[in-house]
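File shown: upload-v2.csv (CSV, C-alpha atoms).
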chain,number,residue,atom,x,y,z
W,1,MET,CA,14.3,-16.5,-16.7
W,2,TRP,CA,11.4,-17.7,-14.5
W,3,SER,CA,13.7,-19.5,-12.1
W,4,PHE,CA,15.9,-16.4,-11.8
W,5,LEU,CA,12.9,-14.1,-11.1
W,6,SER,CA,11.5,-16.7,-8.6
W,7,SER,CA,14.8,-16.7,-6.7
W,8,ILE,CA,14.7,-12.9,-6.4
W,9,ASN,CA,11.1,-13.2,-5.1
W,10,LYS,CA,12.3,-15.6,-2.5
W,11,ASN,CA,15.2,-13.4,-1.4
W,12,LEU,CA,13.5,-10.0,-1.0
W,13,VAL,CA,15.3,-9.6,2.3
W,14,ILE,CA,18.5,-9.2,0.2
W,15,ALA,CA,17.0,-7.8,-3.1
W,16,ILE,CA,15.2,-4.8,-1.5
W,17,PRO,CA,18.2,-3.4,0.4
W,18,LEU,CA,20.3,-3.8,-2.7
W,19,LEU,CA,17.9,-1.9,-4.9
W,20,MET,CA,17.6,0.8,-2.2
W,21,ALA,CA,21.4,1.1,-2.1
W,22,ALA,CA,21.5,1.2,-6.0
W,23,GLY,CA,18.8,3.9,-6.0
W,24,PHE,CA,20.6,5.9,-3.4
W,25,CYS,CA,23.9,5.8,-5.3
W,26,TYR,CA,22.1,6.7,-8.6
W,27,GLY,CA,20.3,9.6,-7.1
W,28,LEU,CA,23.6,11.0,-5.7
W,29,VAL,CA,25.6,10.9,-8.9
W,30,THR,CA,23.0,12.1,-11.3
W,31,ASP,CA,19.7,14.0,-11.6
W,32,ALA,CA,17.1,11.3,-11.0
W,33,GLY,CA,14.1,13.4,-11.8
W,34,TRP,CA,13.4,11.6,-15.1
W,35,VAL,CA,12.8,8.2,-13.3
W,36,LYS,CA,9.5,9.5,-12.1
W,37,SER,CA,8.2,8.8,-15.7
W,38,LEU,CA,8.7,5.1,-14.9
W,39,ILE,CA,6.3,5.1,-12.0
W,40,VAL,CA,3.2,4.3,-13.9
W,41,PRO,CA,4.6,1.3,-15.9
W,42,PHE,CA,6.3,-0.1,-12.8
W,43,THR,CA,3.1,0.4,-10.8
W,44,PHE,CA,1.1,-1.6,-13.3
W,45,LEU,CA,3.8,-4.3,-13.4
W,46,MET,CA,3.7,-4.5,-9.6
W,47,VAL,CA,0.0,-4.7,-9.1
W,48,TYR,CA,-1.4,-6.6,-12.2
W,49,PRO,CA,0.5,-9.9,-11.7
W,50,MET,CA,-0.7,-10.2,-8.1
W,51,MET,CA,-4.3,-9.8,-9.2
W,52,VAL,CA,-4.0,-12.6,-11.7
W,53,THR,CA,-3.5,-15.1,-8.9
W,54,LEU,CA,-6.1,-13.6,-6.5
W,55,ARG,CA,-8.9,-16.1,-5.9
W,56,ILE,CA,-11.8,-13.7,-5.5
W,57,LYS,CA,-14.5,-16.4,-5.4
W,58,LYS,CA,-13.0,-17.7,-2.1
W,59,VAL,CA,-14.6,-14.7,-0.3
W,60,LEU,CA,-18.0,-16.4,-0.7
W,61,GLU,CA,-17.0,-19.5,1.2
W,62,GLY,CA,-17.8,-19.6,5.0
W,63,GLY,CA,-16.3,-21.4,7.9
W,64,ASP,CA,-14.0,-18.9,9.6
W,65,GLY,CA,-16.2,-15.9,10.2
W,66,ARG,CA,-14.7,-15.0,13.6
W,67,ALA,CA,-11.2,-14.9,12.2
W,68,GLN,CA,-12.3,-12.7,9.3
W,69,LEU,CA,-14.1,-10.3,11.6
W,70,LEU,CA,-11.3,-10.0,14.1
W,71,THR,CA,-8.8,-9.5,11.3
W,72,GLN,CA,-10.7,-6.6,9.7
W,73,LEU,CA,-11.3,-5.0,13.1
W,74,ILE,CA,-7.6,-4.9,13.8
W,75,ASN,CA,-6.9,-3.8,10.3
W,76,PHE,CA,-9.3,-0.8,10.2
W,77,ALA,CA,-10.3,0.0,13.8
W,78,VAL,CA,-6.9,-0.2,15.5
W,79,ILE,CA,-3.8,-0.2,13.3
W,80,PRO,CA,-4.5,3.0,11.2
W,81,PHE,CA,-5.0,5.0,14.5
W,82,ALA,CA,-1.8,3.5,16.0
W,83,ALA,CA,0.0,4.6,12.9
W,84,PHE,CA,-1.6,8.1,13.0
W,85,GLY,CA,-0.6,8.4,16.7
W,86,LEU,CA,3.0,7.4,16.0
W,87,GLY,CA,3.1,9.9,13.1
W,88,LYS,CA,1.9,12.7,15.4
W,89,ILE,CA,4.7,11.8,17.9
W,90,PHE,CA,7.6,11.2,15.6
W,91,PHE,CA,6.8,13.5,12.6
W,92,PRO,CA,5.0,16.5,14.1
W,93,GLU,CA,6.4,18.8,11.4
W,94,SER,CA,7.0,16.3,8.6
W,95,HIS,CA,3.4,15.8,7.6
W,96,PHE,CA,4.2,13.7,4.5
W,97,MET,CA,6.4,11.4,6.6
W,98,ALA,CA,3.3,10.9,8.8
W,99,LEU,CA,1.3,10.3,5.6
W,100,GLY,CA,3.7,7.5,4.6
W,101,LEU,CA,3.3,5.8,8.0
W,102,LEU,CA,-0.5,6.1,7.7
W,103,LEU,CA,-0.5,4.7,4.1
W,104,ALA,CA,1.7,1.8,5.2
W,105,SER,CA,-1.1,0.9,7.7
W,106,LEU,CA,-4.1,1.3,5.5
W,107,VAL,CA,-3.9,-1.4,2.8
W,108,PRO,CA,-3.7,-4.7,4.5
W,109,THR,CA,-2.7,-8.1,3.1
W,110,SER,CA,-0.7,-9.0,0.0
W,111,GLY,CA,0.3,-12.2,-1.7
W,112,MET,CA,2.9,-12.6,1.1
W,113,THR,CA,0.0,-13.0,3.6
W,114,ILE,CA,-0.8,-16.3,1.9
W,115,SER,CA,2.8,-17.3,1.4
W,116,TRP,CA,3.9,-16.7,5.1
W,117,THR,CA,0.7,-18.3,6.4
W,118,GLY,CA,1.6,-21.4,4.4
W,119,PHE,CA,5.2,-21.4,5.6
W,120,ALA,CA,3.9,-21.3,9.2
W,121,LYS,CA,1.3,-24.1,8.5
W,122,GLY,CA,-1.7,-21.8,9.2
W,123,ASN,CA,-5.1,-21.8,7.6
W,124,LEU,CA,-4.5,-21.0,4.0
W,125,GLU,CA,-8.2,-20.7,3.0
W,126,ALA,CA,-8.7,-18.1,5.7
W,127,ALA,CA,-5.6,-16.2,4.5
W,128,VAL,CA,-6.9,-16.1,1.0
W,129,LYS,CA,-10.2,-14.6,2.1
W,130,MET,CA,-8.4,-12.1,4.4
W,131,THR,CA,-6.3,-11.1,1.4
W,132,VAL,CA,-9.2,-10.4,-0.9
W,133,ILE,CA,-11.4,-8.7,1.7
W,134,GLY,CA,-8.6,-6.6,3.2
W,135,LEU,CA,-7.4,-5.5,-0.2
W,136,ILE,CA,-10.9,-4.3,-1.3
W,137,LEU,CA,-11.8,-2.7,2.0
W,138,GLY,CA,-8.4,-1.0,2.3
W,139,SER,CA,-8.5,0.4,-1.2
W,140,LEU,CA,-12.0,1.8,-0.7
W,141,ALA,CA,-11.3,3.2,2.8
W,142,THR,CA,-7.9,4.7,2.2
W,143,PRO,CA,-9.0,8.1,0.7
W,144,PHE,CA,-11.4,8.7,3.5
W,145,TYR,CA,-9.0,7.7,6.3
W,146,VAL,CA,-6.3,10.0,4.8
W,147,GLN,CA,-8.8,12.9,4.5
W,148,TRP,CA,-10.2,12.3,8.0
W,149,LEU,CA,-6.9,12.0,9.8
W,150,LEU,CA,-4.5,14.2,7.9
W,151,GLY,CA,-6.7,16.4,5.8
W,152,THR,CA,-5.9,19.4,7.9
W,153,GLN,CA,-2.1,18.9,7.5
W,154,VAL,CA,-1.7,17.5,4.0
W,155,THR,CA,-3.6,18.6,0.9
W,156,VAL,CA,-5.6,15.6,0.0
W,157,ASP,CA,-7.4,15.6,-3.4
W,158,THR,CA,-9.8,12.8,-2.5
W,159,ALA,CA,-11.0,12.4,-6.1
W,160,ALA,CA,-7.5,12.1,-7.3
W,161,VAL,CA,-6.6,9.5,-4.7
W,162,MET,CA,-9.8,7.5,-5.6
W,163,THR,CA,-8.9,7.8,-9.3
W,164,GLN,CA,-5.4,6.5,-8.6
W,165,ILE,CA,-6.8,3.6,-6.5
W,166,ALA,CA,-9.2,2.7,-9.3
W,167,PHE,CA,-6.3,2.7,-11.8
W,168,ILE,CA,-3.8,0.8,-9.7
W,169,VAL,CA,-6.1,-1.6,-7.9
W,170,PHE,CA,-9.5,-2.1,-9.5
W,171,LEU,CA,-8.5,-1.9,-13.1
W,172,PRO,CA,-5.6,-4.4,-12.6
W,173,MET,CA,-8.0,-6.6,-10.5
W,174,ALA,CA,-10.5,-6.7,-13.4
W,175,ALA,CA,-7.7,-7.4,-16.0
W,176,GLY,CA,-6.1,-10.0,-13.7
W,177,PHE,CA,-9.4,-11.8,-13.2
W,178,ALA,CA,-10.0,-11.8,-16.9
W,179,THR,CA,-6.5,-13.2,-17.5
W,180,GLN,CA,-7.0,-15.8,-14.8
W,181,GLN,CA,-10.2,-17.0,-16.4
W,182,ALA,CA,-8.7,-17.1,-19.9
W,183,LEU,CA,-5.7,-19.2,-18.7
W,184,VAL,CA,-8.0,-21.5,-16.8
W,185,ALA,CA,-10.1,-22.0,-19.8
W,186,LYS,CA,-7.0,-22.8,-21.9
W,187,VAL,CA,-5.0,-25.0,-19.6
W,188,GLY,CA,-7.5,-26.0,-16.9
W,189,GLN,CA,-7.4,-25.1,-13.2
W,190,LYS,CA,-4.6,-27.5,-12.4
W,191,GLY,CA,-2.5,-26.3,-15.3
W,192,PHE,CA,-3.0,-22.7,-14.2
W,193,GLN,CA,-2.1,-23.4,-10.5
W,194,ASP,CA,0.9,-25.6,-11.4
W,195,ILE,CA,2.4,-23.7,-14.4
W,196,TRP,CA,1.1,-20.1,-14.6
W,197,ALA,CA,0.3,-19.0,-11.1
W,198,PRO,CA,3.8,-19.4,-9.7
W,199,ARG,CA,5.2,-17.1,-12.4
W,200,PHE,CA,3.1,-14.0,-11.7
W,201,PRO,CA,4.5,-13.1,-8.2
W,202,ALA,CA,8.0,-13.0,-9.8
W,203,LEU,CA,6.8,-10.5,-12.4
W,204,SER,CA,5.3,-8.4,-9.6
W,205,THR,CA,8.6,-8.4,-7.8
W,206,ILE,CA,10.2,-6.5,-10.7
W,207,GLY,CA,7.6,-3.8,-10.3
W,208,VAL,CA,8.2,-3.7,-6.5
W,209,LEU,CA,12.0,-3.4,-6.9
W,210,GLY,CA,11.6,-0.7,-9.6
W,211,ILE,CA,9.3,1.4,-7.4
W,212,VAL,CA,11.7,1.0,-4.4
W,213,PHE,CA,14.6,2.1,-6.6
W,214,ILE,CA,12.7,5.2,-7.8
W,215,ALA,CA,11.4,6.1,-4.3
W,216,ILE,CA,15.0,6.1,-3.0
W,217,ALA,CA,16.6,7.7,-6.0
W,218,VAL,CA,14.5,10.8,-6.0
W,219,LYS,CA,15.1,11.3,-2.2
W,220,ALA,CA,18.8,10.4,-2.2
W,221,ARG,CA,20.3,13.8,-1.9
W,222,ALA,CA,17.9,14.9,0.8
W,223,VAL,CA,18.8,11.7,2.8
W,224,ALA,CA,22.5,12.3,2.2
W,225,GLU,CA,22.1,15.8,3.7
W,226,GLN,CA,20.3,14.3,6.8
W,227,PRO,CA,21.3,10.7,7.3
W,228,GLN,CA,19.9,10.7,10.8
W,229,GLN,CA,16.5,10.9,9.1
W,230,LEU,CA,16.6,7.2,8.3
W,231,ILE,CA,16.9,6.3,12.0
W,232,GLY,CA,14.0,8.7,12.7
W,233,ILE,CA,11.9,6.8,10.2
W,234,PHE,CA,12.9,3.3,11.3
W,235,VAL,CA,12.0,3.8,15.0
W,236,PRO,CA,8.2,4.5,14.5
W,237,LEU,CA,8.0,1.8,11.8
W,238,LEU,CA,9.6,-0.7,14.2
W,239,LEU,CA,7.2,0.3,17.0
W,240,LEU,CA,4.2,0.0,14.7
W,241,TYR,CA,5.2,-3.5,13.6
W,242,LEU,CA,5.9,-4.6,17.2
W,243,PHE,CA,2.5,-3.3,18.3
W,244,ASN,CA,0.8,-5.1,15.4
W,245,TYR,CA,2.5,-8.4,16.0
W,246,SER,CA,1.8,-8.3,19.8
W,247,LEU,CA,-1.8,-7.4,19.4
W,248,SER,CA,-2.5,-9.9,16.6
W,249,THR,CA,-0.6,-12.7,18.5
W,250,ILE,CA,-2.5,-12.1,21.7
W,251,THR,CA,-5.8,-11.9,20.0
W,252,GLY,CA,-5.3,-15.0,17.9
W,253,LYS,CA,-3.9,-17.1,20.7
W,254,SER,CA,-6.7,-16.1,23.0
W,255,LEU,CA,-9.7,-16.4,20.6
W,256,LEU,CA,-8.9,-18.6,17.7
W,257,PRO,CA,-7.6,-22.1,16.8
W,258,ARG,CA,-4.0,-22.4,15.8
W,259,GLY,CA,-4.4,-22.2,12.0
W,260,ASP,CA,-6.8,-19.3,12.1
W,261,ALA,CA,-4.7,-17.4,14.6
W,262,ILE,CA,-1.6,-17.7,12.3
W,263,ALA,CA,-3.7,-16.5,9.4
W,264,LEU,CA,-4.9,-13.5,11.5
W,265,VAL,CA,-1.4,-12.5,12.4
W,266,TYR,CA,-0.2,-12.5,8.7
W,267,GLY,CA,-3.6,-11.0,7.6
W,268,THR,CA,-3.0,-8.0,9.8
W,269,VAL,CA,0.8,-7.5,9.9
W,270,MET,CA,1.5,-8.0,6.2
W,271,ARG,CA,0.5,-4.7,4.6
W,272,ASN,CA,0.2,-4.2,0.9
W,273,LEU,CA,3.2,-1.8,0.7
W,274,SER,CA,3.3,-2.1,-3.1
W,275,ILE,CA,-0.1,-0.4,-3.4
W,276,ALA,CA,0.7,2.1,-0.6
W,277,LEU,CA,3.9,3.0,-2.4
W,278,ALA,CA,2.1,3.5,-5.7
W,279,ILE,CA,-0.5,5.7,-4.1
W,280,ALA,CA,2.2,7.9,-2.5
W,281,MET,CA,4.2,8.3,-5.7
W,282,ASN,CA,1.2,8.8,-8.0
W,283,ALA,CA,-1.4,10.8,-5.9
W,284,PHE,CA,0.5,13.3,-3.9
W,285,GLY,CA,2.7,15.1,-6.3
W,286,PRO,CA,6.5,15.7,-5.7
W,287,ARG,CA,6.2,15.6,-1.9
W,288,GLY,CA,4.7,12.1,-2.2
W,289,SER,CA,8.3,10.9,-2.4
W,290,GLU,CA,8.7,11.7,1.3
W,291,ALA,CA,5.8,9.4,2.1
W,292,ALA,CA,7.3,6.8,-0.3
W,293,LEU,CA,10.6,6.8,1.5
W,294,VAL,CA,8.8,5.7,4.7
W,295,ILE,CA,7.0,2.9,2.9
W,296,ALA,CA,10.1,1.7,1.1
W,297,LEU,CA,11.9,1.3,4.5
W,298,ALA,CA,8.8,-0.5,5.8
W,299,TYR,CA,9.6,-3.3,3.3
W,300,ILE,CA,12.8,-4.2,5.1
W,301,ILE,CA,11.1,-4.5,8.5
W,302,GLN,CA,8.1,-6.4,7.1
W,303,VAL,CA,10.0,-9.0,5.2
W,304,GLN,CA,12.6,-9.6,7.9
W,305,SER,CA,10.0,-9.8,10.7
W,306,ALA,CA,7.7,-12.2,8.8
W,307,ALA,CA,10.6,-14.6,8.3
W,308,TRP,CA,11.5,-14.5,12.0
W,309,TYR,CA,7.9,-15.0,13.1
W,310,VAL,CA,7.7,-18.2,11.1
W,311,LYS,CA,10.6,-19.5,13.1
W,312,LEU,CA,8.9,-18.6,16.3
W,313,THR,CA,5.4,-19.9,15.3
W,314,ASP,CA,5.6,-23.3,17.0
W,315,ARG,CA,6.9,-21.8,20.2
W,316,ILE,CA,4.0,-19.3,20.3
W,317,PHE,CA,1.1,-21.4,19.1
W,318,GLY,CA,2.4,-24.9,19.5
W,319,PRO,CA,3.3,-27.4,16.8
W,320,ALA,CA,0.9,-28.1,13.9
W,321,ALA,CA,-1.1,-31.2,14.1
W,322,PRO,CA,0.4,-34.1,12.0
W,323,ALA,CA,-1.1,-34.5,8.6
W,324,LYS,CA,-3.7,-37.2,8.3
W,325,PRO,CA,-2.6,-40.2,6.3
What do you get writing this file as structure tokens?
Amino acid sequence: MWSFLSSINKNLVIAIPLLMAAGFCYGLVTDAGWVKSLIVPFTFLMVYPMMVTLRIKKVLEGGDGRAQLLTQLINFAVIPFAAFGLGKIFFPESHFMALGLLLASLVPTSGMTISWTGFAKGNLEAAVKMTVIGLILGSLATPFYVQWLLGTQVTVDTAAVMTQIAFIVFLPMAAGFATQQALVAKVGQKGFQDIWAPRFPALSTIGVLGIVFIAIAVKARAVAEQPQQLIGIFVPLLLLYLFNYSLSTITGKSLLPRGDAIALVYGTVMRNLSIALAIAMNAFGPRGSEAALVIALAYIIQVQSAAWYVKLTDRIFGPAAPAKP
């Protein structure tokens, strides 16, 4: 079972479009309203496993302060405002679509930040810290950014959003840390890293695919009536990711050594779409499904672009130094 789940996790480029297609077909042929009752269990299944493998203690280690500072400046002083501007241009009347674009920009980093940094031979230790810091800061800042930027257009119950974030981020984080400590105490750090840690991302993938299926199923009939809507969503998402990659690449190449620069790119471009999707589906009522549709489509661009960027890494930053014998 674990090998099967792991293979799905490694092939999200295929798995996510397949589940989107399945959700679309299901939503067309039947009333998909009941699937909303699965949002909470799938949300927990999506978030908790990634928290088990999160190395929170790494935040206390120094050595790459400039990379961390630049990463969070891009994450919170630039990208949310770029997403807000694109939302104003492309969704002037569809405020919940604009909300989805904003949410997709507000919670940076995920487990994939670390994975893609490793594939590109970047600084893994810096990527781990970016993941923890970005996740915590993004979770705390999201309600205030949404209220500040879209509060006049979208009814934002800040207390409800904060409650949802506590439930889908900080509660699983605490439970995940407790699970991690219990497993380390039982099998040792090496046993945890070798045996247990690789299993949890695969479990998280089930939650991601379940939420993507639900997000598309509940919007299937609306999309079928206006198929051009998908193109209208893809364009601003593509522009947002192109801007993010360009800014992060130029910043990293100009100001950081190769390993830190690669970590910065993936620490800013990889958004935690799982948490953004959960917030959209849980905190904004029925119309949150419009925001969720934008975030679900962002998965396709994010996974595909990350894979292509790995192939271009050596051309952009030069080859990695050979490993010392």
Counting all atoms listed in the file, the residue among W:Ile79, W:Ile165, W:Ala276, W:Ala127 that lies closest to Phe243 (chain W) is W:Ile79
Hey, can you pull every residue with an atom no more than 12 Å from (-9.8, -1.0, 11.2), using all atoms listed in the file, and send it as a PyMOL selection string?
chain W and resi 69-83+105-108+134+137-138+141-142+145+268
From W:Leu293, W:Ile275, W:Ile89, W:Ile114, residue lying nearest Val208 (chain W) [only C-alpha atoms]
W:Ile275
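Neighbouring residues of Pro257 (chain W) at 12 Å or closer, counting all atoms listed in the file and skipping chain neighbours under 6 positions away, are Asp64, Arg66, Ala67, Gly122, Asn123, Ala126, Thr249, Thr251, Ala263, Leu264, Phe317, Gly318, Ala320 and Ala321 of chain W.
Nearest residue to Ser37 (chain W) among W:Val128, W:Val169, W:Ile214, W:Leu230 is W:Ile214, counting all atoms listed in the file.
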Residues proximal to (4.1, -1.5, -12.4) were defined as those with any atom within 12 Å of that point in the file's coordinates, counting only C-alpha atoms. Which are they, as a tab-separated table (two decimals) with C-alpha atoms, keeping the file's coordinate frame?
chain	number	residue	atom	x	y	z
W	37	SER	CA	8.20	8.80	-15.70
W	38	LEU	CA	8.70	5.10	-14.90
W	39	ILE	CA	6.30	5.10	-12.00
W	40	VAL	CA	3.20	4.30	-13.90
W	41	PRO	CA	4.60	1.30	-15.90
W	42	PHE	CA	6.30	-0.10	-12.80
W	43	THR	CA	3.10	0.40	-10.80
W	44	PHE	CA	1.10	-1.60	-13.30
W	45	LEU	CA	3.80	-4.30	-13.40
W	46	MET	CA	3.70	-4.50	-9.60
W	47	VAL	CA	0.00	-4.70	-9.10
W	48	TYR	CA	-1.40	-6.60	-12.20
W	49	PRO	CA	0.50	-9.90	-11.70
W	50	MET	CA	-0.70	-10.20	-8.10
W	167	PHE	CA	-6.30	2.70	-11.80
W	168	ILE	CA	-3.80	0.80	-9.70
W	169	VAL	CA	-6.10	-1.60	-7.90
W	172	PRO	CA	-5.60	-4.40	-12.60
W	203	LEU	CA	6.80	-10.50	-12.40
W	204	SER	CA	5.30	-8.40	-9.60
W	205	THR	CA	8.60	-8.40	-7.80
W	206	ILE	CA	10.20	-6.50	-10.70
W	207	GLY	CA	7.60	-3.80	-10.30
W	208	VAL	CA	8.20	-3.70	-6.50
W	209	LEU	CA	12.00	-3.40	-6.90
W	210	GLY	CA	11.60	-0.70	-9.60
W	211	ILE	CA	9.30	1.40	-7.40
W	212	VAL	CA	11.70	1.00	-4.40
W	214	ILE	CA	12.70	5.20	-7.80
W	274	SER	CA	3.30	-2.10	-3.10
W	275	ILE	CA	-0.10	-0.40	-3.40
W	277	LEU	CA	3.90	3.00	-2.40
W	278	ALA	CA	2.10	3.50	-5.70
W	279	ILE	CA	-0.50	5.70	-4.10
W	281	MET	CA	4.20	8.30	-5.70
W	282	ASN	CA	1.20	8.80	-8.00
Output as AutoDock Vina command-line options the centre and edge lengths (Å, one decimal) of the box along x, y and z of the file that holds every listed atom of region 127-146 of chain W after adding 6 Å on each side.
--center_x -8.8 --center_y -3.1 --center_z 2.5 --size_x 18.4 --size_y 38.2 --size_z 19.6
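Near Ala32 (chain W), within 7 Å and counting all atoms listed in the file, sit Gly27, Ala217 and Val218 of chain W; same-chain residues fewer than 5 positions away were not included.
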Residue with smallest distance to Ala283 (chain W) - pool W:Pro92, W:Gly191, W:Pro143, W:Gly232, counting all atoms listed in the file
W:Pro143
Shell of 9 Å around Val310 (chain W), only C-alpha atoms, local chain residues under 2 positions omitted, as number ranges by chain:
W: 116-117, 119-120, 305-308, 312-314
Hey, can you spit out that residue selection with C-alpha atoms as a JSON list (two decimals), in the frame of the given file?
[["chain", "number", "residue", "atom", "x", "y", "z"],
["W", 116, "TRP", "CA", 3.90, -16.70, 5.10],
["W", 117, "THR", "CA", 0.70, -18.30, 6.40],
["W", 119, "PHE", "CA", 5.20, -21.40, 5.60],
["W", 120, "ALA", "CA", 3.90, -21.30, 9.20],
["W", 305, "SER", "CA", 10.00, -9.80, 10.70],
["W", 306, "ALA", "CA", 7.70, -12.20, 8.80],
["W", 307, "ALA", "CA", 10.60, -14.60, 8.30],
["W", 308, "TRP", "CA", 11.50, -14.50, 12.00],
["W", 312, "LEU", "CA", 8.90, -18.60, 16.30],
["W", 313, "THR", "CA", 5.40, -19.90, 15.30],
["W", 314, "ASP", "CA", 5.60, -23.30, 17.00]]
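In terms of minimum interatomic distance to Ala98 (chain W), W:Ala280 ranks closest within W:Asp31, W:Glu225, W:Met270, W:Ala280, counting all atoms listed in the file.
Compared by their closest atoms to Ile300 (chain W), and using all atoms listed in the file, the residues W:Ala261, W:Val29, W:Leu237, W:Ala202 rank with W:Leu237 nearest.
The shell of residues at most 6 Å from Gly100 (chain W), with all atoms listed in the file counted and near chain neighbours (fewer than 2 positions) removed, consists of Met97, Ala98, Leu102, Leu103, Ala291, Val294 and Ile295 of chain W.
Between CA of Ser7 (chain W) and CA of Ile262 (chain W) the separation is 25.1 Å.
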